[in-house]
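To start, the structure under review is shown below, and the notes come after it.
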Amino acid sequence: MKIALIAHDKKKPDMVNFTIAYTNILKHHELFATGTTGSRIGEATGLDVYRFQSGPLGGDQQIGAMIANNNMDLVIFLRDPLTAQPHEPDIIALMRLCDVYQVPLATNMGGAEILIRALEDGYFEWREIVNNEQ
Ligand SMILES: O=C(CO)COP(=O)(O)O
């Protein structure tokens with residue numbers, strides 16, 4: 001599965017801890033991230049992560065483009081709900097595209113835990129059907 005990992009600055013420690021905890025699951029999948037999040041994950045876990053631009057420089061939009069091509073199976077986006085982001089329109093657009101294409105999206109750690117366990121337990125097999133229909 002193709003998984004996008006994104007975290008706002010105050011949530012990056014949580015994302016690092018999450019990816020350390022679930023390295024054994026994540027290593028079986030294709031990982032994509034916005035620039036700084038991807039660096040932090042790579043340094044902490046050694047996982048192979050394709051890095052797009054940093055979020056404020058267009059990284060959310062690049063991941064959005066993958067979603068629009070139905071080329072992303074899961075998005076884990078640890079958002080900071082308490083800090084204004086200069087690129088808020090890009091963030092909203094990314095989440096909207098997840099809704100357009102029925103891509104599972106977690107925006108906090110609670111959802112991320114559930115989705116990663118669902119992935120491990122095979123609940124994402126329906127995505128293969130979607131992907132094979134393309
Ligand atoms: O701003 C972001 C998502 O909106 C994240 O970008 P970085 O991973 O480059 O910090």
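Letters A, B, ... mark the chains of the structure tokens in the order given; residue numbers begin at 1 per chain; ligand numbers begin at 1, in order shown.
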Residues of chain A at most 7 Å from ligand 1: nearest atom pair and distance in Å, only C-alpha atoms and all ligand atoms, as CSV:
```
residue,atom,partner,partner_atom_place_in_ligand_line,distance
A:Ile6,CA,ligand 1,5 (C),5.5
A:Ala7,CA,ligand 1,5 (C),5.2
A:His8,CA,ligand 1,5 (C),4.9
A:Asp9,CA,ligand 1,10 (O),5.9
A:Ala33,CA,ligand 1,8 (O),6.7
A:Thr34,CA,ligand 1,8 (O),4.1
A:Gly35,CA,ligand 1,9 (O),4.0
A:Thr36,CA,ligand 1,9 (O),3.8
A:Thr37,CA,ligand 1,8 (O),3.6
A:Gly38,CA,ligand 1,8 (O),6.3
A:Gln53,CA,ligand 1,9 (O),6.4
A:Ser54,CA,ligand 1,9 (O),3.0
A:Gly55,CA,ligand 1,6 (O),3.4
A:Pro56,CA,ligand 1,1 (O),5.3
A:Gly59,CA,ligand 1,6 (O),6.6
A:Asp60,CA,ligand 1,4 (O),5.7
A:His87,CA,ligand 1,4 (O),6.9
A:Ile91,CA,ligand 1,4 (O),5.5
```
Practice prompt. Mind checking which residues fall within 10 Å of Met1 (chain A), counting only C-alpha atoms, ignoring those fewer than 2 positions away in the same chain, and posting them as a VMD selection string?
Written response: chain A and resid 3 to 4 26 28 to 31 71 to 74 119 124 to 125 127 to 128 131
Output file for the residues above (N, CA and C atoms, as a compact mmCIF listing (two decimals), in the first residue's frame):
```txt
# COMPACT_ATOMS: atom_id res chain seq x y z
N ILE A 3 1.40 4.86 1.45
CA ILE A 3 1.00 5.56 2.67
C ILE A 3 1.68 6.93 2.72
N ALA A 4 0.88 7.98 2.97
CA ALA A 4 1.43 9.32 3.16
C ALA A 4 1.51 9.63 4.65
N LEU A 26 5.21 -0.65 8.78
CA LEU A 26 5.44 0.35 7.72
C LEU A 26 6.48 -0.10 6.70
N HIS A 28 6.82 -2.69 5.15
CA HIS A 28 6.26 -3.50 4.06
C HIS A 28 5.50 -2.66 3.04
N HIS A 29 5.48 -1.35 3.23
CA HIS A 29 4.67 -0.49 2.38
C HIS A 29 5.52 0.62 1.76
N GLU A 30 4.92 1.28 0.75
CA GLU A 30 5.60 2.40 0.09
C GLU A 30 5.25 3.68 0.84
N LEU A 31 6.27 4.35 1.35
CA LEU A 31 6.02 5.51 2.21
C LEU A 31 6.36 6.82 1.49
N ASN A 71 -3.73 7.23 -6.36
CA ASN A 71 -2.41 6.62 -6.22
C ASN A 71 -1.93 6.67 -4.79
N MET A 72 -2.86 6.76 -3.84
CA MET A 72 -2.50 6.78 -2.42
C MET A 72 -3.58 6.00 -1.66
N ASP A 73 -3.15 5.13 -0.76
CA ASP A 73 -4.11 4.23 -0.09
C ASP A 73 -4.44 4.65 1.34
N LEU A 74 -3.58 5.41 1.95
CA LEU A 74 -3.79 5.79 3.35
C LEU A 74 -3.03 7.09 3.61
N LEU A 119 -4.62 -1.83 8.89
CA LEU A 119 -3.75 -2.18 7.76
C LEU A 119 -3.08 -3.53 8.02
N PHE A 124 -7.34 -3.36 4.51
CA PHE A 124 -7.13 -2.48 3.36
C PHE A 124 -7.17 -3.24 2.04
N GLU A 125 -7.59 -4.51 2.10
CA GLU A 125 -7.59 -5.29 0.85
C GLU A 125 -8.49 -4.66 -0.20
N ARG A 127 -8.65 -1.74 -1.07
CA ARG A 127 -7.90 -0.77 -1.86
C ARG A 127 -7.26 -1.44 -3.08
N GLU A 128 -6.89 -2.73 -2.91
CA GLU A 128 -6.29 -3.44 -4.05
C GLU A 128 -7.31 -3.57 -5.17
N ASN A 131 -7.43 -0.26 -6.79
CA ASN A 131 -6.21 -0.02 -7.56
C ASN A 131 -6.19 -0.86 -8.84
```
Fill in: Residues flagged alpha helix (DSSP H) by DSSP in region 29-106 of chain A, as a ChimeraX atom specification
/A:35-45,59-68,88-100
How would the residues just chosen look if you wrote them out with N, CA and C atoms as a CSV table (one decimal), in the first residue's frame?
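Once written, again.csv looks like this:
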```csv
chain,number,residue,atom,x,y,z
A,35,GLY,N,8.4,17.1,3.2
A,35,GLY,CA,9.8,17.2,3.3
A,35,GLY,C,10.4,17.0,4.7
A,36,THR,N,10.0,17.9,5.6
A,36,THR,CA,10.6,17.8,6.9
A,36,THR,C,10.2,16.6,7.7
A,37,THR,N,8.9,16.2,7.6
A,37,THR,CA,8.4,15.0,8.2
A,37,THR,C,9.2,13.8,7.7
A,38,GLY,N,9.4,13.7,6.4
A,38,GLY,CA,10.1,12.6,5.8
A,38,GLY,C,11.5,12.5,6.4
A,39,SER,N,12.2,13.6,6.5
A,39,SER,CA,13.6,13.6,7.0
A,39,SER,C,13.6,13.1,8.5
A,40,ARG,N,12.7,13.6,9.3
A,40,ARG,CA,12.6,13.1,10.7
A,40,ARG,C,12.3,11.7,10.8
A,41,ILE,N,11.4,11.1,10.0
A,41,ILE,CA,11.1,9.7,10.0
A,41,ILE,C,12.3,8.9,9.6
A,42,GLY,N,12.9,9.3,8.5
A,42,GLY,CA,14.1,8.6,7.9
A,42,GLY,C,15.2,8.5,8.9
A,43,GLU,N,15.5,9.6,9.6
A,43,GLU,CA,16.6,9.7,10.6
A,43,GLU,C,16.3,8.8,11.8
A,44,ALA,N,15.0,8.8,12.2
A,44,ALA,CA,14.7,8.0,13.4
A,44,ALA,C,14.5,6.5,13.2
A,45,THR,N,14.1,6.1,12.0
A,45,THR,CA,13.7,4.7,11.8
A,45,THR,C,14.5,4.0,10.7
A,59,GLY,N,4.2,20.7,-0.5
A,59,GLY,CA,4.2,19.2,-0.3
A,59,GLY,C,2.8,18.6,-0.1
A,60,ASP,N,1.9,19.3,0.5
A,60,ASP,CA,0.5,18.8,0.7
A,60,ASP,C,-0.1,18.7,-0.7
A,61,GLN,N,0.1,19.6,-1.5
A,61,GLN,CA,-0.5,19.6,-2.9
A,61,GLN,C,0.1,18.5,-3.7
A,62,GLN,N,1.4,18.2,-3.5
A,62,GLN,CA,2.0,17.1,-4.3
A,62,GLN,C,1.3,15.7,-3.8
A,63,ILE,N,1.1,15.6,-2.5
A,63,ILE,CA,0.5,14.4,-2.1
A,63,ILE,C,-1.0,14.4,-2.5
A,64,GLY,N,-1.6,15.6,-2.5
A,64,GLY,CA,-3.0,15.7,-3.1
A,64,GLY,C,-3.0,15.2,-4.5
A,65,ALA,N,-2.0,15.5,-5.3
A,65,ALA,CA,-2.0,15.1,-6.7
A,65,ALA,C,-2.0,13.6,-6.8
A,66,MET,N,-1.2,12.9,-5.9
A,66,MET,CA,-1.2,11.5,-5.9
A,66,MET,C,-2.6,10.9,-5.6
A,67,ILE,N,-3.3,11.5,-4.6
A,67,ILE,CA,-4.6,11.1,-4.3
A,67,ILE,C,-5.6,11.3,-5.5
A,68,ALA,N,-5.4,12.4,-6.1
A,68,ALA,CA,-6.3,12.7,-7.3
A,68,ALA,C,-6.1,11.7,-8.4
A,88,GLU,N,-2.9,26.8,5.0
A,88,GLU,CA,-4.1,26.1,5.4
A,88,GLU,C,-5.0,25.7,4.2
A,89,PRO,N,-5.0,26.6,3.1
A,89,PRO,CA,-5.8,26.1,2.0
A,89,PRO,C,-5.3,24.8,1.4
A,90,ASP,N,-4.0,24.6,1.4
A,90,ASP,CA,-3.5,23.4,0.8
A,90,ASP,C,-3.9,22.2,1.7
A,91,ILE,N,-3.9,22.4,3.0
A,91,ILE,CA,-4.2,21.3,4.0
A,91,ILE,C,-5.7,20.9,3.8
A,92,ILE,N,-6.6,21.9,3.7
A,92,ILE,CA,-8.0,21.6,3.4
A,92,ILE,C,-8.2,20.9,2.1
A,93,ALA,N,-7.4,21.3,1.1
A,93,ALA,CA,-7.6,20.7,-0.2
A,93,ALA,C,-7.1,19.2,-0.1
A,94,LEU,N,-6.1,18.9,0.6
A,94,LEU,CA,-5.6,17.5,0.7
A,94,LEU,C,-6.7,16.7,1.4
A,95,MET,N,-7.3,17.2,2.5
A,95,MET,CA,-8.3,16.4,3.2
A,95,MET,C,-9.5,16.3,2.3
A,96,ARG,N,-9.9,17.3,1.6
A,96,ARG,CA,-11.0,17.2,0.7
A,96,ARG,C,-10.8,16.1,-0.4
A,97,LEU,N,-9.6,16.0,-0.9
A,97,LEU,CA,-9.4,15.0,-1.9
A,97,LEU,C,-9.5,13.6,-1.3
A,98,CYS,N,-9.1,13.4,-0.1
A,98,CYS,CA,-9.3,12.1,0.6
A,98,CYS,C,-10.7,11.8,0.6
A,99,ASP,N,-11.6,12.8,0.8
A,99,ASP,CA,-13.0,12.5,0.8
A,99,ASP,C,-13.5,12.2,-0.6
A,100,VAL,N,-13.0,12.9,-1.5
A,100,VAL,CA,-13.5,12.7,-2.9
A,100,VAL,C,-13.2,11.2,-3.4
```
Item to complete: For CA of Leu47 (chain A) and CA of Tyr22 (chain A), determine how far apart the two atoms are, in Å to one decimal place.
Response: 10.7 Å
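With only C-alpha atoms as the basis for measurement, A:Leu78 is the residue among A:Leu78, A:Leu57, A:Gly46, A:Ile129 that approaches Met109 (chain A) most closely.
With CA of Arg51 (chain A) on one side and CA of Gly111 (chain A) on the other, the separation reads 22.8 Å.
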Discussion item. For a quick check of understanding, using only C-alpha atoms, which of A:Leu5, A:Asn70, A:Ala112, A:Phe52 has the smallest distance to Asn132 (chain A)?
Written reply: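 Closest to Asn132 (chain A) of all the choices is A:Asn70.
Atom pair CA of Val49 (chain A) / CA of Thr83 (chain A) has a distance of 26.1 Å (rounded to one decimal).
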Worksheet item: For Arg117 (chain A), which of A:Val16, A:Lys2, A:Val103, A:Asn24 is the closest residue, counting only C-alpha atoms?
Response: A:Asn24
Worksheet entry | Which of region 5-113 of chain A fall in strand (DSSP E or B), as a list in words |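 Secondary structure check on region 5-113 of chain A, strand (DSSP E or B): Leu5, Ile6, Ala7, Glu30, Leu31, Phe32, Ala33, Val49, Tyr50, Arg51, Leu74, Val75, Ile76, Phe77, Leu78, Leu105 and Ala106 of chain A.
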Okay, now the selection with N, CA and C atoms, as an mmCIF file, in the first residue's frame?
```cif
data_model
loop_
_atom_site.group_PDB
_atom_site.id
_atom_site.type_symbol
_atom_site.label_atom_id
_atom_site.label_comp_id
_atom_site.auth_asym_id
_atom_site.auth_seq_id
_atom_site.Cartn_x
_atom_site.Cartn_y
_atom_site.Cartn_z
ATOM 1 N N LEU A 5 2.666 10.135 5.059
ATOM 2 C CA LEU A 5 2.899 10.487 6.458
ATOM 3 C C LEU A 5 3.234 11.976 6.519
ATOM 4 N N ILE A 6 2.444 12.718 7.254
ATOM 5 C CA ILE A 6 2.596 14.180 7.314
ATOM 6 C C ILE A 6 2.367 14.604 8.764
ATOM 7 N N ALA A 7 3.172 15.523 9.242
ATOM 8 C CA ALA A 7 2.943 16.032 10.601
ATOM 9 C C ALA A 7 3.328 17.502 10.675
ATOM 10 N N GLU A 30 4.917 1.284 0.755
ATOM 11 C CA GLU A 30 5.602 2.403 0.094
ATOM 12 C C GLU A 30 5.249 3.680 0.842
ATOM 13 N N LEU A 31 6.268 4.355 1.349
ATOM 14 C CA LEU A 31 6.022 5.511 2.205
ATOM 15 C C LEU A 31 6.358 6.822 1.491
ATOM 16 N N PHE A 32 5.488 7.791 1.689
ATOM 17 C CA PHE A 32 5.658 9.128 1.122
ATOM 18 C C PHE A 32 5.453 10.129 2.258
ATOM 19 N N ALA A 33 6.112 11.286 2.158
ATOM 20 C CA ALA A 33 5.959 12.280 3.229
ATOM 21 C C ALA A 33 6.242 13.665 2.684
ATOM 22 N N VAL A 49 11.672 6.546 2.800
ATOM 23 C CA VAL A 49 10.515 7.431 2.643
ATOM 24 C C VAL A 49 10.764 8.363 1.460
ATOM 25 N N TYR A 50 9.854 8.369 0.495
ATOM 26 C CA TYR A 50 9.969 9.337 -0.598
ATOM 27 C C TYR A 50 9.527 10.695 -0.074
ATOM 28 N N ARG A 51 10.360 11.702 -0.226
ATOM 29 C CA ARG A 51 10.065 13.025 0.327
ATOM 30 C C ARG A 51 9.641 14.005 -0.749
ATOM 31 N N LEU A 74 -3.575 5.408 1.951
ATOM 32 C CA LEU A 74 -3.790 5.788 3.351
ATOM 33 C C LEU A 74 -3.032 7.087 3.615
ATOM 34 N N VAL A 75 -3.674 8.001 4.319
ATOM 35 C CA VAL A 75 -3.008 9.255 4.694
ATOM 36 C C VAL A 75 -3.055 9.393 6.214
ATOM 37 N N ILE A 76 -1.885 9.511 6.804
ATOM 38 C CA ILE A 76 -1.793 9.801 8.235
ATOM 39 C C ILE A 76 -1.206 11.200 8.356
ATOM 40 N N PHE A 77 -2.028 12.109 8.807
ATOM 41 C CA PHE A 77 -1.691 13.534 8.813
ATOM 42 C C PHE A 77 -1.920 14.059 10.226
ATOM 43 N N LEU A 78 -0.849 14.082 11.010
ATOM 44 C CA LEU A 78 -0.968 14.551 12.387
ATOM 45 C C LEU A 78 -0.962 16.081 12.371
ATOM 46 N N LEU A 105 -8.195 8.503 6.050
ATOM 47 C CA LEU A 105 -7.395 9.629 6.532
ATOM 48 C C LEU A 105 -7.478 9.689 8.051
ATOM 49 N N ALA A 106 -6.326 9.690 8.705
ATOM 50 C CA ALA A 106 -6.281 9.936 10.156
ATOM 51 C C ALA A 106 -5.643 11.288 10.366
#
```
